[in-house]
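File shown here: final_15.cif, holding mmCIF, C-alpha atoms.
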data_model
loop_
_atom_site.label_atom_id
_atom_site.label_comp_id
_atom_site.auth_asym_id
_atom_site.auth_seq_id
_atom_site.Cartn_x
_atom_site.Cartn_y
_atom_site.Cartn_z
CA MET A 1 0.00 0.00 0.00
CA GLY A 2 2.84 2.36 0.89
CA ILE A 3 4.62 1.69 -2.40
CA ASN A 4 1.43 2.36 -4.37
CA GLN A 5 0.88 5.64 -2.49
CA TYR A 6 4.45 6.67 -3.20
CA LEU A 7 4.07 5.88 -6.90
CA GLU A 8 0.72 7.71 -7.08
CA GLY A 9 2.13 10.72 -5.22
CA PHE A 10 -0.99 10.91 -3.07
CA LEU A 11 -1.83 9.90 0.52
CA ALA A 12 -5.55 9.15 0.52
CA GLU A 13 -5.86 8.95 4.33
CA GLU A 14 -4.30 12.39 4.71
CA ASN A 15 -5.76 13.81 1.49
CA VAL A 16 -2.29 15.10 0.62
CA ARG A 17 -0.65 15.20 -2.79
CA PHE A 18 3.14 15.33 -2.56
CA ARG A 19 3.97 15.00 -6.27
CA ASP A 20 2.32 16.54 -9.34
CA SER A 21 2.30 13.33 -11.33
CA GLN A 22 2.42 9.59 -10.81
CA VAL A 23 5.55 7.54 -11.24
CA VAL A 24 4.85 5.28 -14.22
CA PHE A 25 7.13 2.51 -15.40
CA GLU A 26 7.18 1.60 -19.05
CA LYS A 27 6.85 -2.06 -19.81
CA ARG A 28 9.56 -2.99 -22.26
CA ALA A 29 9.53 -6.73 -22.19
CA HIS A 30 11.67 -8.40 -24.79
CA GLU A 31 9.25 -9.37 -27.48
CA LYS A 32 9.93 -12.32 -29.70
CA GLY A 33 12.31 -11.23 -32.40
CA SER A 34 14.05 -8.66 -30.18
CA LYS A 35 17.23 -7.43 -31.82
CA ARG A 36 19.07 -6.93 -28.51
CA GLU A 37 22.32 -8.81 -28.13
CA ASP A 38 22.48 -11.59 -25.53
CA LEU A 39 25.12 -10.58 -22.98
CA VAL A 40 24.95 -13.32 -20.39
CA GLU A 41 23.43 -16.76 -20.28
CA ILE A 42 22.61 -17.72 -16.69
CA PRO A 43 22.62 -21.51 -16.44
CA ALA A 44 20.10 -23.66 -14.59
CA MET A 45 21.44 -24.45 -11.12
CA THR A 46 20.43 -25.80 -7.74
CA LYS A 47 21.77 -25.12 -4.27
CA GLY A 48 20.63 -26.94 -1.16
CA TYR A 49 21.16 -26.55 2.56
CA ASP A 50 19.73 -28.54 5.49
CA THR A 51 16.49 -26.53 5.64
CA PHE A 52 16.46 -24.75 2.27
CA HIS A 53 16.66 -25.69 -1.42
CA LEU A 54 16.95 -23.22 -4.31
CA THR A 55 16.24 -24.09 -7.94
CA ILE A 56 17.27 -21.63 -10.66
CA ASP A 57 15.77 -22.17 -14.11
CA GLY A 58 18.35 -20.02 -15.85
CA GLY A 59 17.85 -17.43 -18.54
CA THR A 60 19.41 -14.66 -20.60
CA ILE A 61 20.32 -11.06 -19.84
CA LYS A 62 20.24 -8.89 -22.95
CA ALA A 63 22.11 -5.66 -23.74
CA GLY A 64 20.52 -2.62 -22.11
CA GLU A 65 18.47 -4.71 -19.71
CA VAL A 66 18.32 -4.06 -15.99
CA LEU A 67 17.69 -7.13 -13.86
CA GLY A 68 16.17 -6.87 -10.40
CA VAL A 69 15.54 -9.68 -7.95
CA ILE A 70 12.82 -9.09 -5.39
CA GLY A 71 10.86 -11.24 -2.98
CA ALA A 72 10.07 -12.02 0.63
CA ASN A 73 12.73 -12.88 3.18
CA GLY A 74 14.03 -16.43 2.95
CA MET A 75 13.20 -16.97 -0.74
CA GLY A 76 16.82 -17.26 -1.90
CA LYS A 77 17.71 -13.79 -3.24
CA SER A 78 21.02 -13.66 -1.36
CA THR A 79 21.85 -17.26 -2.26
CA TYR A 80 21.15 -16.45 -5.91
CA ALA A 81 23.43 -13.40 -5.75
CA LYS A 82 26.16 -15.48 -4.11
CA LEU A 83 25.89 -18.11 -6.85
CA LEU A 84 26.12 -15.46 -9.58
CA ALA A 85 29.12 -13.83 -7.91
CA GLY A 86 30.90 -17.15 -7.37
CA VAL A 87 30.86 -16.79 -3.57
CA GLU A 88 28.87 -20.05 -3.35
CA LYS A 89 29.24 -23.07 -5.62
CA PRO A 90 26.06 -24.65 -7.03
CA ASP A 91 25.19 -28.28 -6.24
CA THR A 92 24.14 -28.86 -9.85
CA GLY A 93 24.91 -26.77 -12.91
CA THR A 94 27.99 -24.66 -13.46
CA MET A 95 28.52 -20.98 -12.92
CA ASP A 96 31.10 -20.32 -15.63
CA LEU A 97 30.47 -16.69 -16.57
CA LYS A 98 33.14 -14.74 -18.37
CA LEU A 99 32.47 -11.59 -16.40
CA ARG A 100 33.08 -10.31 -12.91
CA ILE A 101 30.12 -9.83 -10.63
CA SER A 102 30.44 -7.85 -7.43
CA TYR A 103 28.61 -9.03 -4.32
CA LYS A 104 28.21 -7.15 -1.06
CA ALA A 105 26.63 -9.10 1.78
CA ALA A 106 23.58 -7.62 3.47
CA VAL A 107 24.06 -6.21 6.96
CA HIS A 108 21.94 -8.28 9.29
CA GLN A 109 19.79 -6.60 11.90
CA ALA A 110 21.44 -8.58 14.71
CA ARG A 111 24.70 -6.71 14.11
CA LEU A 112 22.97 -3.37 14.72
CA SER A 113 20.68 -4.39 17.56
CA ARG A 114 22.84 -2.95 20.35
CA THR A 115 23.79 0.18 18.44
CA LEU A 116 21.94 3.25 19.64
CA SER A 117 20.09 5.28 17.03
CA ARG A 118 22.01 8.37 18.11
CA CYS A 119 25.27 6.63 17.12
CA THR A 120 23.93 5.75 13.69
CA CYS A 121 22.37 9.18 13.16
CA GLY A 122 25.45 10.81 14.62
CA ASN A 123 27.53 9.47 11.75
CA ALA A 124 25.37 11.50 9.37
CA ARG A 125 25.73 14.56 11.60
CA ALA A 126 29.52 14.36 11.62
CA ASN A 127 29.54 15.12 7.90
CA SER A 128 27.13 18.05 8.05
CA ILE A 129 26.65 21.41 9.73
CA PRO A 130 25.07 20.85 13.20
CA SER A 131 22.25 23.40 12.72
CA TYR A 132 21.45 21.97 9.30
CA TYR A 133 21.32 18.48 10.82
CA GLN A 134 18.99 19.69 13.58
CA HIS A 135 16.61 21.69 11.35
CA GLU A 136 16.65 19.64 8.16
CA ILE A 137 16.87 16.09 9.49
CA LEU A 138 15.95 15.70 13.16
CA GLU A 139 13.02 18.12 13.31
CA PRO A 140 11.23 17.19 10.02
CA LEU A 141 11.51 13.51 10.87
CA SER A 142 10.41 14.11 14.48
CA LEU A 143 13.52 12.38 15.79
CA THR A 144 13.32 13.05 19.51
CA TYR A 145 15.92 12.47 22.21
CA ARG A 146 13.97 9.36 23.28
CA PHE A 147 14.24 7.97 19.73
CA LEU A 148 17.95 8.72 19.55
CA GLN A 149 18.53 6.79 22.80
CA SER A 150 16.72 3.67 21.56
CA PRO A 151 18.45 0.66 19.91
CA VAL A 152 18.36 0.61 16.09
CA ASP A 153 16.38 -2.64 15.96
CA SER A 154 13.49 -1.13 17.93
#

Here is a file; write its structure as structure tokens.
Amino acid sequence: MGINQYLEGFLAEENVRFRDSQVVFEKRAHEKGSKREDLVEIPAMTKGYDTFHLTIDGGTIKAGEVLGVIGANGMGKSTYAKLLAGVEKPDTGTMDLKLRISYKAAVHQARLSRTLSRCTCGNARANSIPSYYQHEILEPLSLTYRFLQSPVDS
């Protein structure tokens, strides 16, 4: 619901428009007979763990195409990225791409749980003018002292 409101530029509950026009994505699916060059062929692969099994059907990435991988937690997005980057080896199939793929592991919430919000927000403040930080960040976002003293995970 929040994503749809953002894309529409309108908050119905508040009766507030915050953008003059909607964000509209053009659908440019590769039609049959597309003249775009195939850049990468992703092979079919599988990867299994004790409590999780991922099956990748494989496919092609074409020139000019942007590929995004989205889904709920625990669906295998990170495992897929690790397989593409060569960080993990597949159980079946081969990841033999002739290109380099960068992979940066996600920061897990557990690592931040004991960090106070003020420490995290303070890093932003260190790189800005204190009055700017106060008036342009803390006040508009209603970040109170109580908030800044709470752990990041809460």

Exercise. A:Tyr103, A:Phe25, A:Phe10, A:Tyr132: which is nearest Lys77 in chain A, counting only C-alpha atoms?
Worked result: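 Smallest distance to Lys77 in chain A is found for A:Tyr103.
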
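With CA of Glu41 in chain A on one side and CA of Thr60 in chain A on the other, the separation reads 4.5 Å.
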
With range 78-86 of chain A as the partner and 10 Å as the cut-off, tabulate the residues of range 38-57 of chain A that qualify, each row holding the nearest pair of atoms and their distance in Å to one decimal, using all atoms listed in the file, sorted by chain and rising number, as CSV.
residue,atom,partner,partner_atom,distance
A:Ile42,CA,A:Leu84,CA,8.2
A:Pro43,CA,A:Leu84,CA,9.8
A:Met45,CA,A:Leu83,CA,8.8
A:Thr46,CA,A:Leu83,CA,9.5
A:Lys47,CA,A:Thr79,CA,8.1
A:Gly48,CA,A:Thr79,CA,9.8
A:His53,CA,A:Thr79,CA,9.9
A:Leu54,CA,A:Thr79,CA,8.0
A:Thr55,CA,A:Tyr80,CA,9.3
A:Ile56,CA,A:Tyr80,CA,8.0

For this session: Could you check how far CA of Tyr49 in chain A sits from CA of Gly76 in chain A, in Å to one decimal?
Result: 11.2 Å

For this session: One decimal, Å: what's the distance from CA of Gln5 in chain A over to CA of Pro140 in chain A, could you say?
Result: 19.9 Å

Seminar exercise, completed: If you count only C-alpha atoms, the residue of A:Asp50, A:Glu88, A:Glu139, A:Asp20 closest to Leu7 in chain A turns out to be A:Asp20

Exercise. Taking into account all atoms listed in the file, which residue in the set A:Leu39, A:Gln149, A:Asn4, A:Ile137 is nearest to Val24 in chain A?
Worked result: A:Asn4

Problem set entry | For Arg36 in chain A, the nearest of the candidates A:Lys104, A:Lys98, A:Lys89, A:Lys62, counting all atoms listed in the file |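 Closest to Arg36 in chain A of all the choices is A:Lys62.
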